[in-house]
file query-v2.cif (mmCIF, C-alpha atoms)
data_target
loop_
_atom_site.label_atom_id
_atom_site.label_comp_id
_atom_site.auth_asym_id
_atom_site.auth_seq_id
_atom_site.Cartn_x
_atom_site.Cartn_y
_atom_site.Cartn_z
CA MET A 1296 17.53 9.99 23.17
CA LEU A 1297 16.58 9.23 19.57
CA PHE A 1298 12.96 10.17 20.23
CA GLU A 1299 14.11 13.42 21.86
CA PHE A 1300 15.99 14.25 18.68
CA PHE A 1301 12.93 13.41 16.56
CA HIS A 1302 10.81 15.52 18.90
CA TYR A 1303 13.17 18.43 18.30
CA LEU A 1304 13.07 17.82 14.53
CA GLN A 1305 9.27 17.77 14.61
CA SER A 1306 9.18 21.20 16.27
CA THR A 1307 11.55 22.88 13.80
CA GLU A 1308 10.18 25.57 11.53
CA PHE A 1309 10.87 23.38 8.49
CA ALA A 1310 8.76 20.48 9.79
CA THR A 1311 5.95 22.74 10.98
CA GLY A 1312 5.95 24.58 7.66
CA LEU A 1313 5.69 21.29 5.77
CA ARG A 1314 2.77 20.10 7.93
CA GLN A 1315 0.91 23.38 7.59
CA SER A 1316 1.37 23.90 3.85
CA ASP A 1317 -1.78 23.55 1.76
CA TYR A 1318 0.09 22.52 -1.41
CA ALA A 1319 3.55 21.15 -0.62
CA PHE A 1320 2.32 18.39 1.69
CA PRO A 1321 -0.36 16.89 -0.60
CA LEU A 1322 2.01 17.17 -3.58
CA ILE A 1323 4.77 15.31 -1.73
CA GLU A 1324 2.31 12.75 -0.36
CA GLY A 1325 0.73 12.20 -3.79
CA SER A 1326 4.12 11.87 -5.50
CA HIS A 1327 5.22 9.29 -2.94
CA ILE A 1328 2.19 7.17 -3.86
CA MET A 1329 2.38 7.64 -7.63
CA ALA A 1330 6.12 6.93 -7.82
CA LEU A 1331 5.33 3.45 -6.45
CA SER A 1332 4.47 2.42 -10.01
CA LEU A 1333 7.89 3.57 -11.29
CA SER A 1334 9.87 1.94 -8.47
CA VAL A 1335 8.25 -1.03 -6.74
CA GLY A 1336 5.98 -1.71 -9.72
CA LEU A 1337 8.97 -2.29 -11.98
CA ILE A 1338 10.95 -4.29 -9.43
CA LEU A 1339 7.96 -6.64 -9.18
CA LEU A 1340 8.14 -7.13 -12.96
CA PHE A 1341 11.77 -8.17 -12.63
CA ASP A 1342 10.88 -10.54 -9.76
CA LEU A 1343 8.18 -12.07 -11.95
CA ARG A 1344 10.73 -12.58 -14.73
CA LEU A 1345 13.04 -14.45 -12.33
CA LEU A 1346 10.07 -16.64 -11.37
CA ARG A 1347 9.32 -17.09 -15.10
CA LEU A 1348 5.86 -15.65 -14.65
CA ALA A 1349 6.51 -12.69 -16.98
CA PHE A 1350 8.56 -12.26 -20.19
CA PRO A 1351 9.84 -15.87 -20.10
CA GLY A 1352 11.41 -15.49 -23.56
CA GLU A 1353 13.47 -12.42 -22.64
CA PRO A 1354 17.02 -12.77 -21.22
CA VAL A 1355 17.02 -11.89 -17.51
CA SER A 1356 19.80 -9.34 -17.92
CA ARG A 1357 17.84 -7.52 -20.60
CA VAL A 1358 14.74 -7.28 -18.42
CA MET A 1359 16.91 -6.15 -15.51
CA HIS A 1360 18.59 -3.35 -17.44
CA GLN A 1361 15.34 -2.12 -19.00
CA VAL A 1362 13.61 -2.13 -15.63
CA MET A 1363 16.44 -0.45 -13.73
CA LYS A 1364 16.60 2.46 -16.16
CA ILE A 1365 13.22 3.59 -14.84
CA ALA A 1366 13.22 2.00 -11.38
CA LEU A 1367 16.34 3.83 -10.16
CA PRO A 1368 14.95 7.33 -10.86
CA GLY A 1369 11.65 6.03 -9.45
CA PHE A 1370 13.32 4.98 -6.19
CA THR A 1371 15.08 8.36 -6.04
CA VAL A 1372 11.66 10.07 -6.07
CA MET A 1373 10.38 7.61 -3.44
CA PHE A 1374 13.38 8.26 -1.20
CA ILE A 1375 13.23 12.06 -1.42
CA THR A 1376 9.44 12.30 -0.94
CA GLY A 1377 9.55 9.67 1.81
CA LEU A 1378 12.27 11.59 3.63
CA ALA A 1379 10.21 14.79 3.35
CA LEU A 1380 7.10 13.02 4.73
CA PHE A 1381 9.20 11.67 7.59
CA PHE A 1382 10.64 15.10 8.40
CA ALA A 1383 7.13 16.55 8.55
CA GLN A 1384 6.36 14.34 11.57
CA PRO A 1385 9.50 12.45 12.66
CA GLU A 1386 8.49 11.71 16.24
CA LYS A 1387 4.96 10.59 15.35
CA ALA A 1388 6.31 8.34 12.57
CA ALA A 1389 9.16 6.88 14.62
CA ARG A 1390 6.78 5.90 17.43
CA ASN A 1391 4.34 4.25 15.02
CA ARG A 1392 4.81 0.47 15.12
CA TYR A 1393 3.78 0.07 11.47
CA PHE A 1394 6.38 2.63 10.42
CA GLN A 1395 8.96 0.66 12.42
CA ALA A 1396 7.85 -2.54 10.67
CA LYS A 1397 8.08 -0.79 7.28
CA MET A 1398 11.66 0.40 7.96
CA LEU A 1399 12.72 -3.05 9.16
CA THR A 1400 11.22 -4.66 6.05
CA LEU A 1401 13.04 -2.12 3.86
CA VAL A 1402 16.36 -3.04 5.52
CA LEU A 1403 15.65 -6.74 4.88
CA LEU A 1404 14.85 -5.92 1.24
CA GLY A 1405 18.17 -4.08 1.00
CA ILE A 1406 20.02 -7.16 2.27
CA ASN A 1407 18.00 -9.32 -0.13
CA ALA A 1408 19.00 -7.14 -3.09
CA LEU A 1409 22.63 -7.08 -1.92
CA VAL A 1410 22.74 -10.90 -1.84
CA TYR A 1411 21.44 -10.94 -5.42
CA GLN A 1412 24.06 -8.42 -6.52
CA LEU A 1413 26.94 -10.32 -4.88
CA LYS A 1414 25.92 -13.90 -5.47
CA PHE A 1415 23.84 -14.07 -8.63
CA TYR A 1416 24.45 -10.90 -10.64
CA PRO A 1417 28.14 -11.63 -11.48
CA LYS A 1418 27.26 -15.03 -12.99
CA MET A 1419 24.05 -13.93 -14.68
CA ALA A 1420 25.48 -14.56 -18.16
CA GLU A 1421 25.59 -18.30 -17.41
CA TRP A 1422 21.84 -18.69 -16.96
CA ASP A 1423 20.66 -15.51 -18.61
CA SER A 1424 18.77 -17.13 -21.46
CA ALA A 1425 18.47 -20.62 -20.01
CA SER A 1426 15.00 -21.94 -19.33
CA SER A 1427 15.69 -22.24 -15.61
CA VAL A 1428 16.74 -19.64 -13.08
CA PRO A 1429 18.91 -20.78 -10.09
CA ALA A 1430 16.75 -21.75 -7.13
CA GLY A 1431 18.49 -19.18 -4.92
CA ALA A 1432 17.66 -16.36 -7.30
CA ARG A 1433 14.03 -17.49 -7.39
CA VAL A 1434 13.88 -17.46 -3.59
CA ILE A 1435 15.24 -13.91 -3.63
CA ALA A 1436 12.58 -12.92 -6.18
CA GLY A 1437 9.85 -14.47 -4.01
CA ILE A 1438 11.08 -12.66 -0.88
CA SER A 1439 11.20 -9.40 -2.82
CA LEU A 1440 7.61 -9.86 -4.09
CA VAL A 1441 6.18 -10.54 -0.63
CA PHE A 1442 8.24 -7.97 1.26
CA TRP A 1443 7.50 -5.11 -1.14
CA VAL A 1444 3.79 -5.78 -0.77
CA LEU A 1445 4.31 -5.74 3.03
CA VAL A 1446 6.17 -2.41 2.83
CA ILE A 1447 3.24 -0.84 0.98
CA ALA A 1448 0.71 -2.36 3.39
CA PHE A 1449 2.63 -1.16 6.48
CA GLY A 1450 2.95 2.31 4.98
CA ARG A 1451 -0.78 2.42 4.44
CA ILE A 1452 -1.85 0.99 7.81
CA MET A 1453 0.40 3.57 9.52
CA ALA A 1454 -2.23 6.22 8.86
CA TYR A 1455 -4.82 4.38 10.98
CA GLU A 1456 -2.91 4.83 14.22
CA LEU A 1457 -4.18 8.06 15.73
CA MET B 1267 -22.05 8.53 -18.47
CA LYS B 1268 -23.03 6.62 -15.35
CA SER B 1269 -19.85 4.55 -15.36
CA PHE B 1270 -17.84 7.68 -16.00
CA LEU B 1271 -19.33 9.30 -12.89
CA LEU B 1272 -18.63 6.14 -10.91
CA LEU B 1273 -15.00 6.26 -12.07
CA LEU B 1274 -14.80 9.92 -11.04
CA ALA B 1275 -16.21 9.05 -7.62
CA CYS B 1276 -13.63 6.29 -7.18
CA LEU B 1277 -10.85 8.72 -8.09
CA ALA B 1278 -12.16 11.32 -5.66
CA ILE B 1279 -12.27 9.12 -2.56
CA PRO B 1280 -8.54 8.45 -2.05
CA VAL B 1281 -7.75 12.12 -2.62
CA ALA B 1282 -10.22 13.22 0.03
CA ALA B 1283 -9.11 10.81 2.73
CA HIS B 1284 -5.68 10.09 4.17
CA HIS B 1285 -7.28 7.12 5.87
CA SER B 1286 -10.85 5.87 5.79
CA PHE B 1287 -13.43 6.47 8.49
CA ALA B 1288 -13.78 2.75 9.25
CA MET B 1289 -12.36 3.10 12.74
CA PHE B 1290 -15.06 5.61 13.73
CA GLU B 1291 -18.72 5.03 14.52
CA MET B 1292 -19.94 7.35 11.77
CA THR B 1293 -23.65 7.06 12.57
CA LYS B 1294 -23.13 8.30 16.12
CA ASP B 1295 -22.93 12.06 16.77
CA VAL B 1296 -21.59 12.95 20.20
CA THR B 1297 -21.18 16.48 21.58
CA TYR B 1298 -17.93 17.20 23.42
CA GLU B 1299 -17.70 20.41 25.45
CA GLY B 1300 -14.40 21.33 27.00
CA THR B 1301 -11.24 23.37 26.90
CA VAL B 1302 -8.78 23.28 24.01
CA VAL B 1303 -5.42 21.97 25.21
CA GLU B 1304 -3.82 22.07 21.78
CA TYR B 1305 -4.99 23.13 18.33
CA ARG B 1306 -2.83 21.46 15.71
CA TRP B 1307 -3.54 22.95 12.28
CA GLU B 1308 -1.59 20.54 10.08
CA ASN B 1309 -1.41 17.77 7.47
CA PRO B 1310 -2.29 15.02 6.90
CA HIS B 1311 -4.92 15.66 9.63
CA SER B 1312 -5.62 18.59 11.91
CA HIS B 1313 -6.18 17.71 15.56
CA ILE B 1314 -7.96 19.43 18.43
CA ILE B 1315 -6.93 18.11 21.83
CA LEU B 1316 -9.90 18.77 24.11
CA LYS B 1317 -10.00 18.44 27.90
CA ILE B 1318 -13.37 17.75 29.52
CA ASP B 1319 -13.76 18.08 33.29
CA GLY B 1320 -16.42 15.85 34.82
CA GLY B 1321 -19.44 14.21 33.25
CA PRO B 1322 -19.58 10.96 31.29
CA ASN B 1323 -16.99 12.21 28.77
CA ALA B 1324 -14.45 13.43 31.32
CA GLY B 1325 -10.87 13.17 30.09
CA THR B 1326 -8.64 14.35 27.28
CA TRP B 1327 -9.86 13.68 23.76
CA ASP B 1328 -8.04 13.69 20.45
CA VAL B 1329 -10.49 15.10 17.90
CA GLU B 1330 -9.25 14.49 14.38
CA GLY B 1331 -10.18 16.72 11.45
CA GLY B 1332 -9.07 16.74 7.84
CA SER B 1333 -6.13 18.21 5.97
CA THR B 1334 -5.62 21.98 6.09
CA ALA B 1335 -6.89 22.24 2.49
CA ILE B 1336 -10.13 20.33 3.21
CA MET B 1337 -10.88 22.28 6.41
CA GLY B 1338 -9.78 25.58 4.90
CA ARG B 1339 -12.53 25.25 2.29
CA GLN B 1340 -15.10 25.00 5.11
CA GLY B 1341 -13.85 28.20 6.73
CA TRP B 1342 -11.32 26.86 9.24
CA SER B 1343 -7.93 28.49 9.67
CA ARG B 1344 -4.84 28.27 11.86
CA VAL B 1345 -6.44 30.76 14.29
CA THR B 1346 -9.90 29.16 14.61
CA PHE B 1347 -8.92 27.86 18.06
CA LYS B 1348 -6.03 28.33 20.44
CA ALA B 1349 -5.04 26.63 23.67
CA GLY B 1350 -7.31 27.71 26.52
CA ASP B 1351 -10.39 28.37 24.33
CA LYS B 1352 -13.70 26.82 25.29
CA ALA B 1353 -14.96 24.62 22.47
CA THR B 1354 -18.07 22.64 21.58
CA LEU B 1355 -17.24 19.89 19.12
CA VAL B 1356 -19.57 17.32 17.60
CA GLY B 1357 -17.99 14.17 16.26
CA HIS B 1358 -18.02 10.43 15.74
CA PRO B 1359 -16.31 8.39 18.48
CA MET B 1360 -13.78 5.61 17.90
CA ARG B 1361 -15.29 2.14 17.66
CA ASP B 1362 -12.78 0.68 20.13
CA GLY B 1363 -13.83 3.11 22.86
CA SER B 1364 -10.50 4.92 23.05
CA LYS B 1365 -10.55 8.72 23.43
CA GLY B 1366 -10.39 9.52 19.72
CA VAL B 1367 -13.07 11.31 17.70
CA SER B 1368 -13.61 12.07 14.02
CA LEU B 1369 -14.66 15.73 13.92
CA PHE B 1370 -18.07 16.43 12.36
CA TYR B 1371 -18.45 20.10 13.21
CA ALA B 1372 -17.65 22.75 15.80
CA VAL B 1373 -20.34 25.00 17.24
CA MET B 1374 -18.80 28.46 17.34
CA PRO B 1375 -19.61 31.12 19.99
CA ASP B 1376 -22.04 32.84 17.58
CA GLY B 1377 -23.95 29.56 17.20
CA LYS B 1378 -22.74 28.91 13.65
CA ARG B 1379 -21.46 25.46 12.73
CA LEU B 1380 -18.02 25.03 11.25
CA TYR B 1381 -18.01 21.70 9.44
CA HIS B 1382 -14.97 19.46 9.03
CA ASP B 1383 -15.76 18.59 5.41
CA ILE B 1384 -18.69 18.50 2.97
CA ALA B 1385 -20.75 16.03 5.08
CA ARG B 1386 -23.94 17.52 6.56
CA PRO B 1387 -26.61 16.03 8.85
CA THR B 1388 -29.29 14.23 6.80
CA SER B 1389 -32.07 15.74 8.93
CA GLU B 1390 -32.26 17.43 12.31
CA GLY B 1391 -30.84 15.13 14.93
CA ALA B 1392 -30.40 12.23 12.54
CA ALA B 1393 -27.20 10.47 11.72
CA SER B 1394 -24.83 12.36 9.50
CA ALA B 1395 -24.40 11.55 5.85
CA ALA B 1396 -20.92 10.11 5.98
CA LYS B 1397 -18.67 10.76 2.95
#

call {"tool": "encode", "arguments": {"input": "query-v2.cif", "output": "C-alpha cells"}}
result
Amino acid sequence: MLFEFFHYLQSTEFATGLRQSDYAFPLIEGSHIMALSLSVGLILLFDLRLLRLAFPGEPVSRVMHQVMKIALPGFTVMFITGLALFFAQPEKAARNRYFQAKMLTLVLLGINALVYQLKFYPKMAEWDSASSVPAGARVIAGISLVFWVLVIAFGRIMAYEL
Amino acid sequence: MKSFLLLLACLAIPVAAHHSFAMFEMTKDVTYEGTVVEYRWENPHSHIILKIDGGPNAGTWDVEGGSTAIMGRQGWSRVTFKAGDKATLVGHPMRDGSKGVSLFYAVMPDGKRLYHDIARPTSEGAASAAK
C-alpha cells in the first residue's frame, strides 16, 4: 500500500522532471551534502562540549545558543533538499534497507533530542558553568555523536545498492 | 604546483561519482547484446535494462551509466535508446556475480562507440583505464 503510493509518486511528472534535470538534481544533491557542515557538524560541536572535549571553559547554554543559530537554518536546508531527493525516487529509496536504517536512526535521534529538551534543558542553569555535566546529558551527547555518524554512513552506503 | 593538482584531483572525484566503482570488476570488459527493456535517462545514474535471450549471459541485466550531465557530454540523450531497441553494450560486471553492469560504452548501429564517461580503452582489447 505504502510502496504503491511511492511508486505512484515516483512516476509523477515532478519526480521524473527532477531525475532528468541536468542542473536541479546535482544542485540539490550537492547542497544536501554541503549543508551537513552547518547542521550535523555544529550539533557535534555541542555534543563535544557536553562531553567536555571542546570549549570546556564556555557555559553550555552559550555554546548551545551560538550553535543553534546556525544549526537550525542548516537543518532546514537538509530537510528541504532531503525531501526533494526523496521525491525524485521515493519507491527506490523506501525499498533501500540503508535508507530505512537512516530514517529509523533519525527518529531515534529525534527522541534523544526531545529527552534532552524535556529533562536537561530546563535545569541547564544549575550546571551550566559547573565543571561537570550530568551523566544523563553526557550519555545523550554520546548517543547523538554516534548516531549522527551512522546517519551519514547509511545515507552514503545507500548509493551502493543498485 | 604538484600538490595543487593533487588537491584538484581529490576535489574532482566526488563530483564525478555518486558512488565509487568498487563493486564492479573494472578490468573486465564484457559485451552484452540484447533488447532494451527500459531506458531510464535519469539522475543520479542512468540505467539501461537489457534482456538477453540464450547464451552464457542470458537474462535481464541492469546496466548502470552516469548522471545525465556526465553522459550528455559524451553524446548521450534521452532518445539514444527506447524500449524494444537492439543494443550492444560493453561494460564491467558486478564483482558479486549479480546481473548488474557498469556501462563502459555502447556500440551504435553505425559502429561508433558512445562512451559512458571520459574513460577510454588503454589499447585495443586491453583493460579500460578506469577513472

call {"tool": "interface_residues", "arguments": {"input": "query-v2.cif", "of": "chain A", "to": "chain B", "cutoff": "7 Å", "atoms": "only C-alpha atoms", "output": "PyMOL selection string"}}
result
chain A and resi 1314-1315+1317+1320+1454-1455

call {"tool": "write_last_selection", "arguments": {"input": "query-v2.cif", "atoms": "C-alpha atoms", "output": "compact mmCIF listing (two decimals), in the coordinates of the input"}}
result
# COMPACT_ATOMS: atom_id res chain seq x y z
CA ARG A 1314 2.77 20.10 7.93
CA GLN A 1315 0.91 23.38 7.59
CA ASP A 1317 -1.78 23.55 1.76
CA PHE A 1320 2.32 18.39 1.69
CA ALA A 1454 -2.23 6.22 8.86
CA TYR A 1455 -4.82 4.38 10.98

call {"tool": "closest_residue", "arguments": {"input": "query-v2.cif", "among": "B:Arg1361, B:Arg1379, B:Lys1317, B:Arg1386", "to": "Ala1349 (chain B)", "atoms": "all atoms listed in the file"}}
result
B:Lys1317

call {"tool": "residues_around", "arguments": {"input": "query-v2.cif", "residues": "Val1402 (chain A)", "least_positions_apart": "4", "cutoff": "12 Å", "atoms": "all atoms listed in the file", "output": "ChimeraX atom specification"}}
result
/A:1395-1398,1406-1409,1439,1442-1443,1446

call {"tool": "resolve_selection", "arguments": {"input": "query-v2.cif", "expression": "the PyMOL selection byres ((chain A and resi 1428) around 12)", "output": "PyMOL selection string"}}
result
chain A and resi 1342-1348+1351+1354-1356+1415-1416+1418-1427+1429-1436

call {"tool": "write_last_selection", "arguments": {"input": "query-v2.cif", "atoms": "C-alpha atoms", "output": "PDB file, in the frame of the given file"}}
result
ATOM      1  CA  ASP A1342      10.880 -10.540  -9.760  1.00  0.00           C
ATOM      2  CA  LEU A1343       8.180 -12.070 -11.950  1.00  0.00           C
ATOM      3  CA  ARG A1344      10.730 -12.580 -14.730  1.00  0.00           C
ATOM      4  CA  LEU A1345      13.040 -14.450 -12.330  1.00  0.00           C
ATOM      5  CA  LEU A1346      10.070 -16.640 -11.370  1.00  0.00           C
ATOM      6  CA  ARG A1347       9.320 -17.090 -15.100  1.00  0.00           C
ATOM      7  CA  LEU A1348       5.860 -15.650 -14.650  1.00  0.00           C
ATOM      8  CA  PRO A1351       9.840 -15.870 -20.100  1.00  0.00           C
ATOM      9  CA  PRO A1354      17.020 -12.770 -21.220  1.00  0.00           C
ATOM     10  CA  VAL A1355      17.020 -11.890 -17.510  1.00  0.00           C
ATOM     11  CA  SER A1356      19.800  -9.340 -17.920  1.00  0.00           C
ATOM     12  CA  PHE A1415      23.840 -14.070  -8.630  1.00  0.00           C
ATOM     13  CA  TYR A1416      24.450 -10.900 -10.640  1.00  0.00           C
ATOM     14  CA  LYS A1418      27.260 -15.030 -12.990  1.00  0.00           C
ATOM     15  CA  MET A1419      24.050 -13.930 -14.680  1.00  0.00           C
ATOM     16  CA  ALA A1420      25.480 -14.560 -18.160  1.00  0.00           C
ATOM     17  CA  GLU A1421      25.590 -18.300 -17.410  1.00  0.00           C
ATOM     18  CA  TRP A1422      21.840 -18.690 -16.960  1.00  0.00           C
ATOM     19  CA  ASP A1423      20.660 -15.510 -18.610  1.00  0.00           C
ATOM     20  CA  SER A1424      18.770 -17.130 -21.460  1.00  0.00           C
ATOM     21  CA  ALA A1425      18.470 -20.620 -20.010  1.00  0.00           C
ATOM     22  CA  SER A1426      15.000 -21.940 -19.330  1.00  0.00           C
ATOM     23  CA  SER A1427      15.690 -22.240 -15.610  1.00  0.00           C
ATOM     24  CA  PRO A1429      18.910 -20.780 -10.090  1.00  0.00           C
ATOM     25  CA  ALA A1430      16.750 -21.750  -7.130  1.00  0.00           C
ATOM     26  CA  GLY A1431      18.490 -19.180  -4.920  1.00  0.00           C
ATOM     27  CA  ALA A1432      17.660 -16.360  -7.300  1.00  0.00           C
ATOM     28  CA  ARG A1433      14.030 -17.490  -7.390  1.00  0.00           C
ATOM     29  CA  VAL A1434      13.880 -17.460  -3.590  1.00  0.00           C
ATOM     30  CA  ILE A1435      15.240 -13.910  -3.630  1.00  0.00           C
ATOM     31  CA  ALA A1436      12.580 -12.920  -6.180  1.00  0.00           C
TER      32      ALA A1436
END

call {"tool": "atom_distance", "arguments": {"input": "query-v2.cif", "atom1": "CA of Tyr1303 (chain A)", "atom2": "CA of Glu1304 (chain B)"}}
result
17.7 Å

call {"tool": "resolve_selection", "arguments": {"input": "query-v2.cif", "expression": "the PyMOL selection byres ((chain B and resi 1369-1377) around 12)", "output": "short mmCIF file (atom, residue, chain, number, x, y, z; two decimals) with C-alpha atoms, keeping the file's coordinate frame"}}
result
data_model
loop_
_atom_site.label_atom_id
_atom_site.label_comp_id
_atom_site.auth_asym_id
_atom_site.auth_seq_id
_atom_site.Cartn_x
_atom_site.Cartn_y
_atom_site.Cartn_z
CA PHE B 1287 -13.43 6.47 8.49
CA PHE B 1290 -15.06 5.61 13.73
CA GLU B 1291 -18.72 5.03 14.52
CA MET B 1292 -19.94 7.35 11.77
CA THR B 1293 -23.65 7.06 12.57
CA LYS B 1294 -23.13 8.30 16.12
CA ASP B 1295 -22.93 12.06 16.77
CA VAL B 1296 -21.59 12.95 20.20
CA THR B 1297 -21.18 16.48 21.58
CA TYR B 1298 -17.93 17.20 23.42
CA GLU B 1299 -17.70 20.41 25.45
CA GLY B 1300 -14.40 21.33 27.00
CA HIS B 1311 -4.92 15.66 9.63
CA SER B 1312 -5.62 18.59 11.91
CA HIS B 1313 -6.18 17.71 15.56
CA ILE B 1314 -7.96 19.43 18.43
CA ILE B 1315 -6.93 18.11 21.83
CA LEU B 1316 -9.90 18.77 24.11
CA TRP B 1327 -9.86 13.68 23.76
CA ASP B 1328 -8.04 13.69 20.45
CA VAL B 1329 -10.49 15.10 17.90
CA GLU B 1330 -9.25 14.49 14.38
CA GLY B 1331 -10.18 16.72 11.45
CA GLY B 1332 -9.07 16.74 7.84
CA SER B 1333 -6.13 18.21 5.97
CA MET B 1337 -10.88 22.28 6.41
CA GLN B 1340 -15.10 25.00 5.11
CA GLY B 1341 -13.85 28.20 6.73
CA TRP B 1342 -11.32 26.86 9.24
CA THR B 1346 -9.90 29.16 14.61
CA PHE B 1347 -8.92 27.86 18.06
CA ASP B 1351 -10.39 28.37 24.33
CA LYS B 1352 -13.70 26.82 25.29
CA ALA B 1353 -14.96 24.62 22.47
CA THR B 1354 -18.07 22.64 21.58
CA LEU B 1355 -17.24 19.89 19.12
CA VAL B 1356 -19.57 17.32 17.60
CA GLY B 1357 -17.99 14.17 16.26
CA HIS B 1358 -18.02 10.43 15.74
CA PRO B 1359 -16.31 8.39 18.48
CA MET B 1360 -13.78 5.61 17.90
CA GLY B 1366 -10.39 9.52 19.72
CA VAL B 1367 -13.07 11.31 17.70
CA SER B 1368 -13.61 12.07 14.02
CA LYS B 1378 -22.74 28.91 13.65
CA ARG B 1379 -21.46 25.46 12.73
CA LEU B 1380 -18.02 25.03 11.25
CA TYR B 1381 -18.01 21.70 9.44
CA HIS B 1382 -14.97 19.46 9.03
CA ASP B 1383 -15.76 18.59 5.41
CA ILE B 1384 -18.69 18.50 2.97
CA ALA B 1385 -20.75 16.03 5.08
CA ARG B 1386 -23.94 17.52 6.56
CA PRO B 1387 -26.61 16.03 8.85
CA ALA B 1393 -27.20 10.47 11.72
CA SER B 1394 -24.83 12.36 9.50
CA ALA B 1395 -24.40 11.55 5.85
CA ALA B 1396 -20.92 10.11 5.98
CA LYS B 1397 -18.67 10.76 2.95
#

call {"tool": "decode", "arguments": {"input": "query-v2.cif", "residues": "region 1405-1416 of chain A", "atoms": "N, CA and C atoms", "output": "PDB file, in the first residue's frame"}}
result
ATOM      1  N   GLY A1405      15.747  12.035  17.100  1.00  0.00           N
ATOM      2  CA  GLY A1405      14.693  12.984  17.474  1.00  0.00           C
ATOM      3  C   GLY A1405      14.258  12.751  18.910  1.00  0.00           C
ATOM      4  N   ILE A1406      14.063  11.477  19.265  1.00  0.00           N
ATOM      5  CA  ILE A1406      13.675  11.125  20.638  1.00  0.00           C
ATOM      6  C   ILE A1406      14.776  11.544  21.608  1.00  0.00           C
ATOM      7  N   ASN A1407      16.024  11.275  21.206  1.00  0.00           N
ATOM      8  CA  ASN A1407      17.194  11.634  22.017  1.00  0.00           C
ATOM      9  C   ASN A1407      17.218  13.136  22.318  1.00  0.00           C
ATOM     10  N   ALA A1408      16.980  13.930  21.269  1.00  0.00           N
ATOM     11  CA  ALA A1408      16.988  15.393  21.432  1.00  0.00           C
ATOM     12  C   ALA A1408      15.818  15.844  22.298  1.00  0.00           C
ATOM     13  N   LEU A1409      14.672  15.169  22.133  1.00  0.00           N
ATOM     14  CA  LEU A1409      13.472  15.505  22.909  1.00  0.00           C
ATOM     15  C   LEU A1409      13.723  15.251  24.402  1.00  0.00           C
ATOM     16  N   VAL A1410      14.372  14.136  24.726  1.00  0.00           N
ATOM     17  CA  VAL A1410      14.689  13.820  26.121  1.00  0.00           C
ATOM     18  C   VAL A1410      15.574  14.922  26.704  1.00  0.00           C
ATOM     19  N   TYR A1411      16.551  15.379  25.915  1.00  0.00           N
ATOM     20  CA  TYR A1411      17.412  16.459  26.389  1.00  0.00           C
ATOM     21  C   TYR A1411      16.601  17.720  26.667  1.00  0.00           C
ATOM     22  N   GLN A1412      15.720  18.058  25.729  1.00  0.00           N
ATOM     23  CA  GLN A1412      14.907  19.268  25.866  1.00  0.00           C
ATOM     24  C   GLN A1412      14.001  19.208  27.092  1.00  0.00           C
ATOM     25  N   LEU A1413      13.434  18.033  27.382  1.00  0.00           N
ATOM     26  CA  LEU A1413      12.472  17.908  28.476  1.00  0.00           C
ATOM     27  C   LEU A1413      13.148  17.720  29.829  1.00  0.00           C
ATOM     28  N   LYS A1414      14.243  16.974  29.826  1.00  0.00           N
ATOM     29  CA  LYS A1414      14.828  16.560  31.096  1.00  0.00           C
ATOM     30  C   LYS A1414      16.011  17.427  31.534  1.00  0.00           C
ATOM     31  N   PHE A1415      16.813  17.862  30.591  1.00  0.00           N
ATOM     32  CA  PHE A1415      18.049  18.560  30.970  1.00  0.00           C
ATOM     33  C   PHE A1415      18.039  20.047  30.641  1.00  0.00           C
ATOM     34  N   TYR A1416      17.372  20.421  29.563  1.00  0.00           N
ATOM     35  CA  TYR A1416      17.375  21.823  29.146  1.00  0.00           C
ATOM     36  C   TYR A1416      16.778  22.751  30.200  1.00  0.00           C
TER      37      TYR A1416
END
